[in-house]
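One file, run_36.txt, carrying compact mmCIF, C-alpha atoms:
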# COMPACT_ATOMS: atom_id res chain seq x y z
CA ALA H 1 -15.45 -16.73 -13.27
CA ILE H 2 -18.48 -16.23 -11.04
CA SER H 3 -22.02 -16.10 -12.40
CA ALA H 4 -24.68 -13.62 -11.39
CA ARG H 5 -26.72 -16.44 -9.88
CA GLU H 6 -23.78 -17.65 -7.78
CA ALA H 7 -23.11 -14.14 -6.51
CA ALA H 8 -26.80 -13.66 -5.74
CA ASP H 9 -26.79 -16.85 -3.67
CA VAL H 10 -23.83 -15.55 -1.66
CA PHE H 11 -25.54 -12.28 -0.81
CA GLY H 12 -29.16 -13.42 -0.70
CA VAL H 13 -30.24 -10.89 -3.31
CA SER H 14 -31.82 -11.15 -6.75
CA PRO H 15 -29.70 -12.16 -9.75
CA TRP H 16 -31.01 -9.04 -11.47
CA SER H 17 -29.34 -6.71 -8.96
CA ILE H 18 -26.05 -8.57 -9.33
CA GLU H 19 -26.28 -8.51 -13.14
CA ARG H 20 -26.90 -4.78 -12.94
CA ASP H 21 -23.58 -4.38 -11.09
CA PHE H 22 -21.85 -6.65 -13.60
CA ALA H 23 -23.16 -4.46 -16.41
CA ARG H 24 -21.81 -1.36 -14.69
CA VAL H 25 -18.42 -3.03 -14.28
CA ARG H 26 -18.36 -3.97 -17.96
CA ALA H 27 -19.14 -0.37 -18.85
CA LEU H 28 -16.44 0.97 -16.53
CA SER H 29 -13.73 -1.50 -17.50
CA GLY H 30 -14.42 -1.49 -21.22
CA ILE H 31 -14.12 -5.27 -21.32
CA VAL H 32 -16.37 -7.06 -23.80
CA VAL H 33 -18.02 -10.14 -22.34
CA PHE H 34 -19.67 -12.49 -24.81
CA ASP H 35 -21.46 -14.59 -22.19
CA GLU H 36 -23.83 -12.13 -20.53
CA GLN H 37 -24.29 -14.45 -17.54
CA ARG H 38 -20.66 -14.35 -16.50
CA VAL H 39 -17.88 -11.87 -15.80
CA PRO H 40 -14.23 -13.03 -16.04
CA SER H 41 -12.63 -13.37 -12.60
CA LYS H 42 -10.14 -10.59 -13.16
CA GLY H 43 -9.05 -8.69 -10.08
CA GLY H 44 -9.64 -5.30 -11.64
CA GLN H 45 -13.29 -6.07 -12.35
CA GLN H 46 -13.74 -7.53 -8.88
CA TYR H 47 -12.29 -4.36 -7.39
CA LEU H 48 -14.73 -2.30 -9.44
CA LEU H 49 -17.55 -4.44 -8.07
CA ARG H 50 -16.34 -3.68 -4.56
CA VAL H 51 -16.37 0.06 -5.31
CA LEU H 52 -19.95 -0.16 -6.58
CA GLN H 53 -21.30 -1.80 -3.43
CA VAL H 54 -23.04 -0.05 -0.56
CA ASP H 55 -23.61 -3.19 1.49
CA ARG H 56 -20.61 -3.87 3.75
CA LYS H 57 -20.77 -7.62 3.29
CA GLN H 58 -20.65 -7.30 -0.48
CA GLN H 59 -17.80 -4.78 -0.29
CA ILE H 60 -15.67 -7.15 1.77
CA TYR H 61 -16.53 -10.08 -0.48
CA TRP H 62 -15.45 -8.35 -3.70
CA LEU H 63 -12.48 -6.70 -2.02
CA THR H 64 -11.25 -10.12 -0.92
CA ARG H 65 -11.81 -11.54 -4.40
CA ALA H 66 -9.86 -8.65 -5.95
CA ALA H 67 -7.08 -9.05 -3.38
CA ASP H 68 -6.88 -12.75 -4.16
CA GLY H 69 -6.51 -11.69 -7.80
CA GLY H 70 -3.42 -9.69 -6.89
CA VAL H 71 -4.76 -6.13 -7.31
CA PRO H 72 -2.37 -3.93 -5.22
CA LYS H 73 -5.00 -1.37 -4.17
CA ALA H 74 -7.37 -4.13 -3.12
CA LEU H 75 -4.62 -5.90 -1.18
CA PHE H 76 -3.79 -2.66 0.62
CA GLU H 77 -7.41 -1.87 1.47
CA LEU H 78 -7.93 -5.41 2.72
CA ALA H 79 -4.81 -5.07 4.87
CA GLU H 80 -6.09 -1.79 6.30
CA LEU H 81 -9.42 -3.41 7.12
CA GLN H 82 -7.69 -6.35 8.81
CA HIS H 83 -5.41 -3.95 10.69
CA LYS H 84 -8.34 -1.93 12.04
CA GLN H 85 -10.09 -5.11 13.14
CA GLY H 86 -7.01 -6.21 15.09
CA GLU H 87 -6.18 -9.09 12.75
CA LEU H 88 -2.49 -8.19 12.80
CA ALA H 89 -1.00 -11.39 11.37
CA GLN H 90 -3.42 -11.31 8.43
CA ALA H 91 -2.85 -7.59 7.93
CA ARG H 92 0.90 -8.06 7.92
CA ALA H 93 0.61 -10.76 5.26
CA SER H 94 -1.70 -8.61 3.12
CA TYR H 95 0.56 -5.57 3.41
CA ALA H 96 3.48 -7.78 2.38
CA LYS H 97 1.66 -8.90 -0.76
CA ALA H 98 0.69 -5.33 -1.67
CA ALA H 99 4.26 -4.20 -1.02
CA GLN H 100 5.57 -6.87 -3.38
CA GLN H 101 3.25 -5.40 -6.04
CA GLY H 102 4.95 -2.00 -5.59
CA HIS H 103 2.27 -0.24 -3.52
CA ILE H 104 4.26 2.54 -1.83
CA LEU H 105 2.14 3.06 1.27
CA ALA H 106 1.96 -0.71 1.73
CA GLN H 107 5.76 -0.85 1.66
CA TYR H 108 5.93 1.80 4.36
CA THR H 109 3.19 0.27 6.51
CA TYR H 110 4.64 -3.23 6.16
CA GLY H 111 7.95 -1.76 7.30
CA GLU H 112 6.23 -0.27 10.33
CA MET H 113 4.74 -3.62 11.31
CA LEU H 114 8.12 -5.30 10.90
CA ARG H 115 9.87 -2.62 12.95
CA LEU H 116 7.30 -2.71 15.74
CA GLY H 117 6.85 -6.47 15.76
CA GLN H 118 3.13 -6.26 14.95
CA GLY H 119 1.58 -9.48 13.67
CA GLY H 120 4.90 -11.32 14.06
CA LYS H 121 8.48 -10.92 15.17
CA GLU H 122 10.51 -7.73 14.79
CA ASP H 123 12.66 -7.74 11.68
CA TYR H 124 14.70 -4.56 11.35
CA ALA H 125 16.60 -5.74 8.28
CA LEU H 126 13.42 -6.45 6.32
CA ALA H 127 11.80 -3.28 7.68
CA LEU H 128 14.76 -1.29 6.38
CA LYS H 129 14.36 -2.90 2.98
CA GLN H 130 10.67 -1.95 2.83
CA TYR H 131 11.35 1.60 3.98
CA ARG H 132 14.05 1.94 1.33
CA LEU H 133 11.68 0.83 -1.44
CA ALA H 134 9.16 3.48 -0.43
CA ALA H 135 11.82 6.11 0.30
CA GLN H 136 13.34 5.72 -3.15
CA GLN H 137 9.94 6.60 -4.61
CA GLY H 138 9.79 9.84 -2.66
CA ASP H 139 7.87 8.84 0.48
CA ARG H 140 9.04 11.36 3.09
CA GLN H 141 7.96 9.33 6.11
CA ALA H 142 9.87 6.32 4.81
CA GLN H 143 12.91 8.54 4.28
CA TYR H 144 12.62 9.66 7.89
CA ARG H 145 12.49 6.05 9.08
CA MET H 146 15.55 5.24 6.96
CA GLY H 147 17.39 8.08 8.64
CA THR H 148 16.52 7.06 12.18
CA LEU H 149 17.30 3.38 11.61
CA ARG H 150 20.65 4.14 9.99
CA GLU H 151 21.51 6.46 12.86
CA GLU H 152 20.59 3.83 15.44
CA GLY H 153 22.22 0.97 13.57
CA LEU H 154 19.01 -1.06 13.30
CA GLY H 155 18.76 -3.36 10.29
CA ALA H 156 22.18 -2.27 9.04
CA PRO H 157 25.44 -0.98 10.57
CA ARG H 158 25.24 2.52 11.97
CA ASN H 159 26.14 5.15 9.38
CA ARG H 160 25.81 8.81 10.29
CA VAL H 161 26.47 10.04 6.75
CA HIS H 162 23.68 7.91 5.32
CA ALA H 163 21.41 8.77 8.24
CA TYR H 164 21.95 12.50 7.66
CA ALA H 165 21.34 12.13 3.92
CA TRP H 166 18.03 10.34 4.48
CA LEU H 167 16.90 12.80 7.13
CA SER H 168 17.75 15.69 4.79
CA LEU H 169 15.54 14.20 2.11
CA ALA H 170 12.73 13.68 4.62
CA ALA H 171 13.10 17.32 5.73
CA THR H 172 12.78 18.64 2.17
CA GLU H 173 9.16 19.65 2.71
CA GLY H 174 9.62 20.76 6.31
CA MET H 175 8.70 17.65 8.31
CA PRO H 176 9.36 18.84 11.90
CA GLU H 177 10.63 15.48 13.18
CA ALA H 178 13.03 15.12 10.26
CA VAL H 179 14.35 18.67 10.58
CA ARG H 180 14.93 18.22 14.31
CA ALA H 181 16.59 14.81 13.93
CA ARG H 182 18.84 16.06 11.12
CA ASP H 183 19.93 19.14 13.08
CA GLU H 184 20.63 17.11 16.22
CA LEU H 185 22.69 14.63 14.21
CA GLU H 186 24.59 17.40 12.45
CA ALA H 187 25.68 18.80 15.82
CA ALA H 188 27.45 15.50 16.54
CA MET H 189 29.12 15.19 13.12
CA THR H 190 32.36 16.61 11.77
CA LYS H 191 32.24 19.21 9.01
CA PRO H 192 33.67 16.76 6.42
CA GLU H 193 30.96 14.24 7.37
CA VAL H 194 28.22 16.84 6.96
CA LYS H 195 29.59 17.94 3.59
CA GLN H 196 29.75 14.32 2.41
CA ALA H 197 26.22 13.66 3.63
CA GLN H 198 24.85 16.76 1.90
CA LYS H 199 26.41 15.70 -1.40
CA LEU H 200 24.98 12.21 -0.98
CA SER H 201 21.54 13.62 -0.26
CA GLU H 202 21.68 15.77 -3.40
CA HIS H 203 22.77 12.75 -5.44
CA TRP H 204 19.92 10.61 -4.13
CA PHE H 205 17.40 13.42 -4.62
CA GLY H 206 18.31 13.62 -8.29
CA LYS H 207 17.74 9.91 -8.78
CA MET H 208 14.46 9.60 -6.90
CA SER H 209 10.86 9.74 -7.97
CA SER H 210 8.75 12.73 -6.98
CA PRO H 211 7.14 12.58 -3.49
CA ALA H 212 4.69 9.71 -3.25
CA LYS H 213 1.02 10.40 -2.81
CA LYS H 214 -0.50 8.48 0.12
CA SER H 215 -3.87 7.80 -1.36

Final structure tokens representation of the file:
Amino acid sequence: AISAREAADVFGVSPWSIERDFARVRALSGIVVFDEQRVPSKGGQQYLLRVLQVDRKQQIYWLTRAADGGVPKALFELAELQHKQGELAQARASYAKAAQQGHILAQYTYGEMLRLGQGGKEDYALALKQYRLAAQQGDRQAQYRMGTLREEGLGAPRNRVHAYAWLSLAATEGMPEAVRARDELEAAMTKPEVKQAQKLSEHWFGKMSSPAKKS
């Protein structure tokens, strides 16, 4: 746990202002704290503290604390911050941690970094795995990436039937790139292949979660 006085020393502000934020976190989280001078170092409370801050330094401090506590949203936001600042290796590691916690957009973004070789070496096999995790939860962009990688044979052997099925899923809501890629692939496939791919796409669609919200 961190005390109000310790936090105040970090930021150079009064303990009263920090205790005020702690009180707001306790009210928001519904967690009863018997020692009024301390707040348990739980990632969720630390993330709430980050949300309450206006000062950039304090935001980053509590965001990092929450990320260290394993809060997926905090890990993802920290990764985004690191990414924007050009700290690609750190961002890649943070996205990986958030992805392991099941954060859908982190899974997709981690896959992108692996595919593009950002913050480390290219790893198409692991990128495909991350895309699949997000795609199975309804992320259309991840479904599109699955389709293009399967068509190109990157990360797994080339499979036009699977590629078509993934692209069909990605095109469900009219994504132009997915529609175009699916139609171009269909022109090169046999009718039995297309029929098989369409059935596979319908089967996958029935098993998947609803489209993921990227927020």

* May I have the residues within 12 Å of region 88-101 of chain H as a PyMOL selection string, using only C-alpha atoms and disregarding those fewer than 5 positions away in the same chain? => chain H and resi 64+66-83+106-122+126-127+129-134

* Go ahead and compute the interatomic distance for CA of Glu202 (chain H) and CA of His162 (chain H), in Å to one decimal. => 11.9 Å

* To do: In Å, rounded to a single decimal, give me how far CA of Phe205 (chain H) is from CA of Val161 (chain H).
  => 14.9 Å

* **CA of Leu154 (chain H) to CA of Ser168 (chain H), straight-line distance in Å** =>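 Between CA of Ser168 (chain H) and CA of Leu154 (chain H) the gap is 18.8 Å.
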
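Closest to Gln143 (chain H) among H:Gln196, H:Ser201, H:Thr190, H:Asn159 is H:Ser201, based on only C-alpha atoms.
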
* Nearest residue to Pro157 (chain H) from the set H:Ala125, H:Ala142, H:Ala187, H:Ala178 (distances using all atoms listed in the file) ->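 For Pro157 (chain H), the nearest of the candidates is H:Ala125.
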
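Non-sequential neighbours of Asp183 (chain H) (distance at most 12 Å, separation of 6 or more positions within a chain, only C-alpha atoms) are Ala163, Tyr164, Ala165, Leu167, Ser168, Ala171, Pro176, Glu177, Met189 and Val194 of chain H.
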